[in-house]
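*Asks:* One structure is given below, represented as structure tokens, and several questions about it will come after.
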Amino acid sequence: MPRLIPIVVALLVFWSAAFFVVSSTRAEIPQQPDRYDASLRKGESRETLDPAQFEDPKIRKAYQVAQDIPWVLDSIYCFCYCHESPAFKHTSLLSCYVDLHAAR
């Protein structure tokens with residue numbers, strides 16, 4: 001039994017330290033940099049849909065990401081060919097999140 005005390009203490013110290021590290025490092029959303037290559041932006045100016053309106057957690061998360069970092073998605077080409085379709089009028093991947101297109 002006395003040999004277990006150091007092991008238990010070591011485990012408690014380890015888990016306390018691990019908890020402190022995890023709780024102190026927050027996953028912050030990167031802010032739009034002051035300087036970025038504006039030539040990459042495709043110019044989507046419409047607002048993304050509210051993520052809260054979706055019940056599916058994966059879809060909700062995708063729309064939340066689009067809302068949090070729109071400058072990134074506006075710099076990415078959409079490979080679903082909605083850019084080529086005159087019906088959608090999409091300019092970038094961000095455009096898929098201003099309507100229900102990304103939820104389908």
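Labeling convention for the structure tokens: chains A, B, ... as they appear, residues from 1 per chain, ligands from 1 in order of appearance.
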At a cut-off of 10 Å, using only C-alpha atoms, what residues contact A:Lys61? Leave out same-chain residues fewer than 6 positions from it and give the result as a PyMOL selection string.

*Replies:* chain A and resi 51-52+54+67

*Asks:* Write out, as a PDB file, in the first residue's frame, the residues just selected, with N, CA and C atoms.

*Replies:*
ATOM      1  N   PRO A  51     -26.057  29.750 -38.432  1.00  0.00           N
ATOM      2  CA  PRO A  51     -25.836  28.319 -38.168  1.00  0.00           C
ATOM      3  C   PRO A  51     -26.886  27.707 -37.246  1.00  0.00           C
ATOM      4  N   ALA A  52     -27.491  28.499 -36.391  1.00  0.00           N
ATOM      5  CA  ALA A  52     -28.452  27.980 -35.411  1.00  0.00           C
ATOM      6  C   ALA A  52     -29.713  27.420 -36.064  1.00  0.00           C
ATOM      7  N   PHE A  54     -29.900  25.246 -38.343  1.00  0.00           N
ATOM      8  CA  PHE A  54     -29.713  23.875 -38.815  1.00  0.00           C
ATOM      9  C   PHE A  54     -29.683  22.904 -37.645  1.00  0.00           C
ATOM     10  N   GLN A  67     -19.175  31.521 -41.033  1.00  0.00           N
ATOM     11  CA  GLN A  67     -19.477  32.794 -40.382  1.00  0.00           C
ATOM     12  C   GLN A  67     -18.267  33.338 -39.627  1.00  0.00           C
TER      13      GLN A  67
END

*Asks:* Write out as a ChimeraX atom specification each polymer residue whose atoms come within 12 Å of A:Tyr81, counting only C-alpha atoms; drop sequence neighbours fewer than 5 positions from it.

*Replies:* /A:86-93,95-96,101

*Asks:* Name the closest residue to A:Asp99 among the candidates A:Gly43, A:Gln53, A:Lys58, A:Tyr77; distances are taken between atoms, counting only C-alpha atoms.

*Replies:*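 Going through A:Gly43, A:Gln53, A:Lys58, A:Tyr77 one by one, the smallest distance to A:Asp99 is for A:Gln53.
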
*Asks:* What does the distance between atom CA of A:Asp56 and atom CA of A:Phe79 come to in Å, to one decimal place?

*Replies:*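 Those two atoms sit 22.7 Å apart.
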